[in-house]
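The data block below is run-v7.cif; it holds mmCIF, C-alpha atoms.
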data_coords
#
loop_
_atom_site.label_atom_id
_atom_site.label_comp_id
_atom_site.auth_asym_id
_atom_site.auth_seq_id
_atom_site.Cartn_x
_atom_site.Cartn_y
_atom_site.Cartn_z
CA MET A 344 0.20 -9.26 -61.94
CA SER A 345 -0.27 -8.11 -65.55
CA THR A 346 0.18 -10.47 -68.51
CA THR A 347 3.08 -10.29 -70.98
CA PRO A 348 1.04 -8.68 -73.83
CA GLU A 349 -0.27 -6.05 -71.38
CA LEU A 350 3.24 -5.23 -70.19
CA LEU A 351 4.55 -5.08 -73.77
CA ALA A 352 1.75 -2.75 -74.84
CA ALA A 353 2.22 -0.55 -71.78
CA THR A 354 5.97 -0.31 -72.43
CA ALA A 355 5.33 0.60 -76.07
CA VAL A 356 2.85 3.36 -75.18
CA LEU A 357 5.14 4.78 -72.49
CA ALA A 358 8.11 4.73 -74.90
CA ALA A 359 6.15 6.36 -77.74
CA GLY A 360 4.67 9.04 -75.49
CA THR A 361 8.02 9.81 -73.88
CA PHE A 362 9.69 10.11 -77.27
CA ALA A 363 6.92 12.44 -78.48
CA PHE A 364 7.50 14.72 -75.47
CA ARG A 365 11.23 14.72 -76.17
CA LEU A 366 10.95 15.39 -79.89
CA ALA A 367 8.29 18.11 -79.64
CA GLY A 368 10.72 20.78 -78.41
CA PRO A 369 13.48 20.30 -81.01
CA ALA A 370 10.92 19.86 -83.81
CA LEU A 371 8.64 22.79 -82.96
CA ARG A 372 10.80 25.33 -81.18
CA SER A 373 11.28 27.47 -84.29
CA ARG A 374 7.50 27.88 -84.66
CA VAL A 375 6.04 27.64 -81.15
CA THR A 376 7.17 29.04 -77.84
CA LEU A 377 5.89 27.45 -74.66
CA PRO A 378 4.10 30.00 -72.45
CA PRO A 379 6.33 30.58 -69.40
CA GLN A 380 3.33 30.11 -67.12
CA ALA A 381 2.74 26.62 -68.50
CA GLU A 382 6.42 25.79 -68.21
CA ARG A 383 6.54 26.82 -64.57
CA LEU A 384 3.34 24.92 -63.80
CA LEU A 385 4.81 21.81 -65.43
CA ASN A 386 7.99 22.19 -63.38
CA VAL A 387 6.03 22.37 -60.15
CA ALA A 388 3.89 19.40 -61.22
CA VAL A 389 6.99 17.27 -61.82
CA VAL A 390 8.47 18.18 -58.43
CA VAL A 391 5.17 17.35 -56.73
CA LEU A 392 4.88 13.98 -58.52
CA LEU A 393 8.42 12.97 -57.66
CA ALA A 394 8.08 14.17 -54.06
CA ALA A 395 4.90 12.12 -53.68
CA LEU A 396 6.76 9.16 -55.13
CA VAL A 397 9.54 9.66 -52.57
CA ALA A 398 6.96 9.66 -49.77
CA THR A 399 5.10 6.56 -50.91
CA SER A 400 8.15 4.56 -51.98
CA ALA A 401 10.07 5.40 -48.81
CA LEU A 402 7.29 4.93 -46.28
CA THR A 403 4.68 2.52 -47.63
CA ASP A 404 4.41 -1.03 -48.85
CA ALA A 405 1.16 -1.87 -50.63
CA HIS A 406 -1.39 -0.14 -48.38
CA SER A 407 0.43 0.14 -45.07
CA LEU A 408 3.55 1.68 -43.57
CA THR A 409 6.89 -0.12 -43.89
CA GLY A 410 9.25 -0.99 -41.06
CA PRO A 411 11.86 1.64 -40.11
CA ALA A 412 14.78 0.12 -42.07
CA ARG A 413 13.91 1.59 -45.48
CA PRO A 414 12.92 5.11 -44.30
CA ALA A 415 16.12 5.23 -42.23
CA GLY A 416 18.20 4.36 -45.30
CA VAL A 417 16.40 6.97 -47.39
CA ALA A 418 16.96 9.58 -44.67
CA ALA A 419 20.68 8.75 -44.54
CA GLY A 420 20.89 9.06 -48.34
CA ALA A 421 18.91 12.31 -48.29
CA LEU A 422 21.28 13.74 -45.68
CA CYS A 423 24.23 12.92 -47.96
CA ALA A 424 22.45 14.56 -50.89
CA TRP A 425 21.72 17.65 -48.81
CA ARG A 426 25.39 17.87 -47.78
CA LYS A 427 26.20 17.80 -51.52
CA ALA A 428 27.77 14.34 -51.48
CA PRO A 429 28.28 12.75 -54.91
CA PHE A 430 25.35 10.86 -56.39
CA LEU A 431 27.12 7.53 -56.00
CA ALA A 432 27.62 8.11 -52.27
CA VAL A 433 23.92 8.90 -51.83
CA VAL A 434 22.91 5.58 -53.42
CA LEU A 435 25.47 3.50 -51.54
CA VAL A 436 24.84 5.09 -48.13
CA ALA A 437 21.07 4.64 -48.49
CA ALA A 438 21.33 0.97 -49.49
CA ALA A 439 24.05 0.17 -46.94
CA THR A 440 22.13 1.75 -44.06
CA THR A 441 18.99 -0.23 -44.86
CA ALA A 442 20.94 -3.45 -45.44
CA LEU A 443 22.75 -3.03 -42.13
CA LEU A 444 19.52 -2.40 -40.21
CA ARG A 445 17.97 -5.51 -41.79
CA LEU A 446 21.05 -7.50 -40.86
CA LEU A 447 20.30 -6.45 -37.27
CA SER A 448 16.74 -7.74 -37.83
CA VAL A 449 15.10 -4.33 -38.02
CA PRO A 450 12.13 -4.86 -40.42
CA MET B 817 27.94 10.79 -63.06
CA CYS B 818 27.87 7.81 -65.44
CA ALA B 819 29.06 5.55 -62.63
CA ALA B 820 26.26 6.81 -60.38
CA ASP B 821 23.70 6.22 -63.10
CA ALA B 822 25.06 2.73 -63.68
CA VAL B 823 24.54 2.00 -59.98
CA VAL B 824 20.99 3.30 -60.17
CA GLY B 825 20.55 1.14 -63.29
CA VAL B 826 21.79 -1.88 -61.36
CA SER B 827 19.31 -1.10 -58.60
CA PHE B 828 16.51 -0.70 -61.17
CA GLY B 829 17.27 -4.09 -62.75
CA THR B 830 17.66 -5.81 -59.40
CA ILE B 831 14.55 -4.24 -57.88
CA SER B 832 12.40 -5.07 -60.94
CA VAL B 833 13.39 -8.72 -60.81
CA GLY B 834 13.07 -8.72 -57.02
CA LEU B 835 9.50 -7.45 -57.36
CA GLY B 836 8.70 -10.52 -59.44
CA LEU B 837 8.59 -8.87 -62.88
CA PRO B 838 9.89 -10.72 -65.96
CA PRO B 839 13.60 -9.98 -66.60
CA TRP B 840 13.00 -8.69 -70.14
CA LEU B 841 10.82 -5.82 -68.90
CA PRO B 842 13.50 -3.65 -67.19
CA VAL B 843 15.96 -4.31 -70.03
CA LEU B 844 13.49 -3.39 -72.79
CA MET B 845 12.17 -0.35 -70.90
CA SER B 846 15.64 1.02 -70.30
CA LEU B 847 16.39 0.86 -74.03
CA VAL B 848 13.15 2.34 -75.36
CA VAL B 849 11.96 4.61 -72.53
CA PHE B 850 15.35 5.62 -71.03
CA ALA B 851 13.94 7.72 -68.19
CA GLY B 852 14.81 6.48 -64.70
CA ALA B 853 12.11 8.11 -62.60
CA ALA B 854 9.30 7.05 -64.94
CA GLN B 855 10.68 3.52 -65.16
CA PHE B 856 10.85 3.14 -61.38
CA LEU B 857 7.36 4.58 -61.06
CA PHE B 858 5.98 2.23 -63.73
CA VAL B 859 7.64 -0.88 -62.33
CA GLY B 860 6.62 -0.01 -58.77
CA LEU B 861 2.99 0.51 -59.72
CA VAL B 862 2.71 -2.61 -61.88
CA ALA B 863 4.43 -4.79 -59.28
CA ALA B 864 2.11 -3.47 -56.58
CA GLY B 865 -0.78 -4.79 -58.63
CA GLY B 866 -1.70 -1.46 -60.19
CA ASN B 867 -3.40 -1.24 -63.57
CA PRO B 868 -0.78 -0.96 -66.39
CA ALA B 869 -2.80 1.89 -67.93
CA ALA B 870 -2.53 3.87 -64.67
CA ALA B 871 1.20 3.10 -64.60
CA VAL B 872 1.58 4.41 -68.18
CA ALA B 873 -0.38 7.56 -67.31
CA ALA B 874 1.82 8.19 -64.27
CA GLY B 875 4.99 7.53 -66.29
CA LEU B 876 3.90 9.90 -69.05
CA LEU B 877 3.07 12.61 -66.55
CA VAL B 878 6.56 12.32 -65.05
CA ASN B 879 8.09 12.40 -68.54
CA ALA B 880 6.09 15.44 -69.63
CA ARG B 881 9.00 17.51 -68.24
CA HIS B 882 10.93 16.59 -71.39
CA LEU B 883 8.64 18.94 -73.30
CA PRO B 884 10.08 22.12 -71.74
CA PHE B 885 13.54 20.47 -71.73
CA GLY B 886 13.27 20.10 -75.49
CA PHE B 887 12.49 23.77 -75.91
CA ALA B 888 15.50 24.64 -73.75
CA VAL B 889 18.11 22.41 -75.44
CA GLY B 890 16.47 21.87 -78.85
CA ASP B 891 19.19 23.84 -80.60
CA VAL B 892 22.05 21.97 -78.96
CA PHE B 893 22.17 18.78 -80.96
CA GLY B 894 22.12 20.33 -84.42
CA THR B 895 19.67 20.17 -87.29
CA GLY B 896 18.56 17.30 -89.52
CA TRP B 897 16.24 14.50 -88.51
CA PRO B 898 18.81 11.79 -87.64
CA ARG B 899 20.47 14.13 -85.11
CA ARG B 900 17.14 15.37 -83.82
CA ILE B 901 15.81 11.84 -83.28
CA ALA B 902 18.96 10.49 -81.64
CA GLY B 903 19.44 13.67 -79.59
CA SER B 904 15.84 13.61 -78.41
CA HIS B 905 16.09 10.03 -77.22
CA LEU B 906 19.18 10.91 -75.15
CA MET B 907 17.37 13.81 -73.47
CA VAL B 908 17.32 13.19 -69.72
CA ASP B 909 17.66 15.43 -66.66
CA GLU B 910 21.42 14.96 -66.48
CA THR B 911 22.18 15.66 -70.16
CA VAL B 912 20.03 18.79 -70.15
CA ALA B 913 21.59 20.12 -66.96
CA PHE B 914 25.10 19.27 -68.12
CA ALA B 915 24.68 20.87 -71.54
CA LEU B 916 23.08 24.05 -70.19
CA ALA B 917 25.95 24.43 -67.72
CA GLN B 918 28.40 24.94 -70.62
CA PRO B 919 28.81 28.58 -71.64
CA GLU B 920 29.64 28.23 -75.36
CA PRO B 921 27.45 26.54 -78.02
CA ALA B 922 30.26 24.31 -79.32
CA ARG B 923 31.04 22.97 -75.85
CA ARG B 924 27.36 22.56 -75.18
CA ARG B 925 27.01 20.28 -78.17
CA THR B 926 30.03 18.16 -77.20
CA ALA B 927 28.83 17.99 -73.59
CA TYR B 928 25.35 16.92 -74.65
CA TRP B 929 26.44 14.09 -76.94
CA LEU B 930 29.23 12.88 -74.65
CA CYS B 931 27.02 12.89 -71.59
CA GLY B 932 24.04 11.44 -73.47
CA THR B 933 25.82 8.47 -75.05
CA GLY B 934 27.78 7.78 -71.88
CA LEU B 935 24.67 7.77 -69.73
CA PHE B 936 22.75 5.61 -72.21
CA ALA B 937 25.52 3.01 -72.21
CA ALA B 938 26.01 3.13 -68.43
CA TRP B 939 22.30 2.99 -67.63
CA ASN B 940 21.56 0.02 -69.91
CA ALA B 941 24.67 -1.90 -68.90
CA GLY B 942 23.74 -1.30 -65.25
CA VAL B 943 20.21 -2.58 -65.76
CA VAL B 944 21.40 -5.80 -67.45
CA LEU B 945 23.89 -6.37 -64.62
CA GLY B 946 21.17 -5.69 -62.07
CA VAL B 947 18.78 -8.17 -63.69
CA LEU B 948 21.46 -10.87 -63.74
CA GLY B 949 22.54 -10.05 -60.20
CA GLY B 950 18.98 -9.87 -58.92
CA ARG B 951 18.25 -13.35 -60.25
CA ALA B 952 21.40 -14.63 -58.57
CA VAL B 953 20.82 -12.90 -55.22
CA GLY B 954 17.14 -13.68 -54.86
CA ASP B 955 16.26 -11.61 -51.79
CA THR B 956 17.08 -8.07 -52.97
CA ASP B 957 15.60 -6.49 -49.84
CA SER B 958 18.54 -7.75 -47.80
CA LEU B 959 20.81 -5.48 -49.91
CA GLY B 960 18.72 -2.43 -49.02
CA LEU B 961 18.17 -1.60 -52.68
CA ASP B 962 14.58 -0.56 -51.99
CA ALA B 963 16.03 2.45 -50.13
CA ALA B 964 18.28 3.40 -53.06
CA PHE B 965 15.47 4.54 -55.32
CA PRO B 966 13.76 7.05 -53.00
CA ALA B 967 17.21 8.36 -52.03
CA VAL B 968 18.07 8.91 -55.70
CA LEU B 969 14.81 10.79 -56.16
CA VAL B 970 15.62 13.03 -53.19
CA ALA B 971 19.02 13.82 -54.71
CA LEU B 972 17.33 14.68 -58.02
CA LEU B 973 14.66 16.80 -56.31
CA LEU B 974 16.73 18.88 -53.89
CA PRO B 975 17.89 21.53 -56.41
CA SER B 976 14.25 22.11 -57.45
CA LEU B 977 13.09 22.82 -53.91
CA ARG B 978 14.70 26.25 -53.66
CA THR B 979 11.51 28.32 -53.74
CA ALA B 980 9.07 28.29 -50.84
CA ALA B 981 6.11 27.86 -53.18
CA THR B 982 7.56 24.68 -54.69
CA ARG B 983 8.40 23.29 -51.26
CA ARG B 984 4.83 23.98 -50.13
CA ALA B 985 3.44 22.21 -53.20
CA ALA B 986 5.76 19.22 -52.74
CA LEU B 987 4.89 18.86 -49.06
CA THR B 988 1.16 19.05 -49.77
CA GLY B 989 1.53 16.43 -52.50
CA MET B 990 3.44 14.10 -50.19
CA LEU B 991 0.77 14.38 -47.50
CA VAL B 992 -2.04 13.75 -50.01
CA ALA B 993 -0.25 10.69 -51.40
CA LEU B 994 0.49 9.25 -47.96
CA ALA B 995 -3.02 9.88 -46.65
CA THR B 996 -4.68 8.19 -49.63
CA THR B 997 -2.28 5.22 -49.95
CA ALA B 998 -4.15 3.30 -47.26
CA PHE B 999 -7.36 2.94 -49.27
CA LEU B 1000 -6.72 3.78 -52.96
CA PRO B 1001 -5.32 1.38 -55.59
CA ALA B 1002 -1.58 1.67 -56.25
CA GLY B 1003 -0.66 4.55 -58.54
CA LEU B 1004 -3.60 6.80 -57.82
CA PRO B 1005 -2.19 8.40 -54.64
CA VAL B 1006 0.84 9.71 -56.55
CA LEU B 1007 -1.42 11.13 -59.28
CA LEU B 1008 -3.75 12.69 -56.70
CA ALA B 1009 -0.73 14.38 -55.15
CA LEU B 1010 -0.88 16.78 -58.11
CA ALA B 1011 -3.51 18.63 -56.08
CA GLY B 1012 -0.45 19.94 -54.24
CA VAL B 1013 0.37 22.07 -57.29
CA ALA B 1014 -2.42 24.40 -56.16
CA ALA B 1015 -0.39 25.13 -53.03
CA ALA B 1016 2.23 26.82 -55.22
CA ARG B 1017 -0.31 29.34 -56.51
CA PRO B 1018 -0.42 32.21 -54.00
CA ALA B 1019 3.29 33.00 -54.26
CA ARG B 1020 3.03 33.23 -58.03
CA ARG B 1021 0.15 35.68 -57.73
CA ASP B 1022 2.11 37.77 -55.21
CA ARG B 1023 4.88 38.16 -57.74
CA ALA B 1024 2.51 39.09 -60.55
CA ASP B 1025 0.78 41.67 -58.37
CA ARG B 1026 3.86 43.65 -57.48
CA PRO B 1027 2.87 47.32 -57.31
CA ASP B 1028 5.46 48.44 -59.88
CA ARG B 1029 3.68 46.43 -62.58
CA PRO B 1030 0.91 48.17 -64.52
CA ALA B 1031 -2.47 46.42 -64.28
CA GLY B 1032 -3.22 43.81 -66.90
CA THR B 1033 0.38 42.77 -67.50
CA GLY B 1034 0.61 40.18 -64.78
CA SER B 1035 2.59 37.86 -67.01
CA THR B 1036 5.51 40.27 -67.21
CA ALA B 1037 6.76 38.79 -63.95
CA ALA B 1038 7.58 35.64 -65.89
CA PRO B 1039 11.03 35.10 -67.40
CA ALA B 1040 11.46 35.94 -71.06
CA PRO B 1041 10.32 33.18 -73.42
CA GLY B 1042 13.20 30.99 -74.47
CA THR B 1043 15.05 31.44 -71.20
CA PRO B 1044 16.32 27.96 -70.42
CA THR B 1045 14.64 26.64 -67.32
CA THR B 1046 17.29 25.02 -65.21
CA GLU B 1047 15.28 25.15 -62.01
CA LYS B 1048 14.23 21.50 -62.35
CA SER B 1049 17.62 20.19 -63.36
CA PRO B 1050 19.53 18.08 -60.88
CA ARG B 1051 23.12 18.74 -59.95
#
Same coordinates, now as structure tokens:
Amino acid sequence: MSTTPELLAATAVLAAGTFAFRLAGPALRSRVTLPPQAERLLNVAVVVLLAALVATSALTDAHSLTGPARPAGVAAGALCAWRKAPFLAVVLVAAATTALLRLLSVP
Amino acid sequence: MCAADAVVGVSFGTISVGLGLPPWLPVLMSLVVFAGAAQFLFVGLVAAGGNPAAAVAAGLLVNARHLPFGFAVGDVFGTGWPRRIAGSHLMVDETVAFALAQPEPARRRTAYWLCGTGLFAAWNAGVVLGVLGGRAVGDTDSLGLDAAFPAVLVALLLPSLRTAATRRAALTGMLVALATTAFLPAGLPVLLALAGVAAARPARRDRADRPDRPAGTGSTAAPAPGTPTTEKSPR
């Protein structure tokens, strides 16, 4: 695991970079317009990153596949989201499903 | 929406502590970064033994979406640097989507500030609660909180998956990430998934090549500059 100074530095860089991304639009929008092509590419890139994160965080642990409890919970939450359930319901259903399966000793 | 974000904040705090990270890290990050997806990504990568630099790179890539957000809502929070700075820090998926959903400028401004401050308070309070709760509970896996995060991401992603090209890109990215997880260090598979963006290409070219467009003006198929992009926004 990383040391405290490393984690502090990493947090600072992430915070500074994020703030720069946020401020750039309001500060520059009167002078610069973002090419629509670049904007669309960025949108797709974000979706791809987050989708990949869904896949890895739902299905893997370190370098191997997880047991079925977590993916099942995620699937239940995703179903709620797809049926347009409120955000809160999605979170609770996902966690409850996984917790219940683990209670029944599903890994 | 604030209540939902507070719950996600609780899960972020609890999961971070459950992964063995120091309790100050989720609390500090939530105050200064204030971007859920990037925070989860960062914490997950660092806890898995990934290099912090790789985790920062991945977090910044996820947060790069705030750049177009800023161009879309930059006029909402008024002029002057104090407003710009505070308004920028409160810029998250939910505030942008909520503000752009209001038809009149005055209501947009109110919606943005109300939603932004509410979410900031709810998110940070949730994280502190989660850290305290996580330390008390110990085994956070028994609560199923590790399933909450991917489920939240799915809920955030669904509205963006309307076009076939985006779905194709997302699916390709997921397969790349899963296939490379077995042998690459934590963090890299998610970054490599960006190769999936290429899968979104053909459809874009189809649109640009529509016969009614004169040659050499392929970019006219794009929306007018300044059109707020709500495609990515959740809910």
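From atom CA of Gly903 of chain B back to atom CA of Leu916 of chain B, the distance works out to 14.5 Å.
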Output as a ChimeraX atom specification the set of chain A residues within 6 Å of chain B, with distances taken over all atoms listed in the file.
/A:344,357-358,361,364-366,368-369,372,388-389,391,394-395,397-398,401,406-407,413,416-417,420-421,424,430-431,434,437-438,441-442
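One finds atom CA of Val944 of chain B at 21.5 Å from atom CA of Ala432 of chain A.
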Give me the residues near Tyr928 of chain B as a count of residues only, where near means some atom within 8 Å (using all atoms listed in the file) and where sequence neighbours in that chain fewer than 4 positions away do not count.
8
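We find atom CA of Leu945 of chain B and atom CA of Gly834 of chain B to be spaced 13.4 Å apart.
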Explicit residue set for the PyMOL selection byres ((chain B and resi 949) around 12), as a VMD selection string
chain B and resid 825 to 834 839 942 to 948 950 to 956 959
Keeping only C-alpha atoms, write the selected residues to a file as a tab-separated table (two decimals), in the coordinates of the input.
chain	number	residue	atom	x	y	z
B	825	GLY	CA	20.55	1.14	-63.29
B	826	VAL	CA	21.79	-1.88	-61.36
B	827	SER	CA	19.31	-1.10	-58.60
B	828	PHE	CA	16.51	-0.70	-61.17
B	829	GLY	CA	17.27	-4.09	-62.75
B	830	THR	CA	17.66	-5.81	-59.40
B	831	ILE	CA	14.55	-4.24	-57.88
B	832	SER	CA	12.40	-5.07	-60.94
B	833	VAL	CA	13.39	-8.72	-60.81
B	834	GLY	CA	13.07	-8.72	-57.02
B	839	PRO	CA	13.60	-9.98	-66.60
B	942	GLY	CA	23.74	-1.30	-65.25
B	943	VAL	CA	20.21	-2.58	-65.76
B	944	VAL	CA	21.40	-5.80	-67.45
B	945	LEU	CA	23.89	-6.37	-64.62
B	946	GLY	CA	21.17	-5.69	-62.07
B	947	VAL	CA	18.78	-8.17	-63.69
B	948	LEU	CA	21.46	-10.87	-63.74
B	950	GLY	CA	18.98	-9.87	-58.92
B	951	ARG	CA	18.25	-13.35	-60.25
B	952	ALA	CA	21.40	-14.63	-58.57
B	953	VAL	CA	20.82	-12.90	-55.22
B	954	GLY	CA	17.14	-13.68	-54.86
B	955	ASP	CA	16.26	-11.61	-51.79
B	956	THR	CA	17.08	-8.07	-52.97
B	959	LEU	CA	20.81	-5.48	-49.91
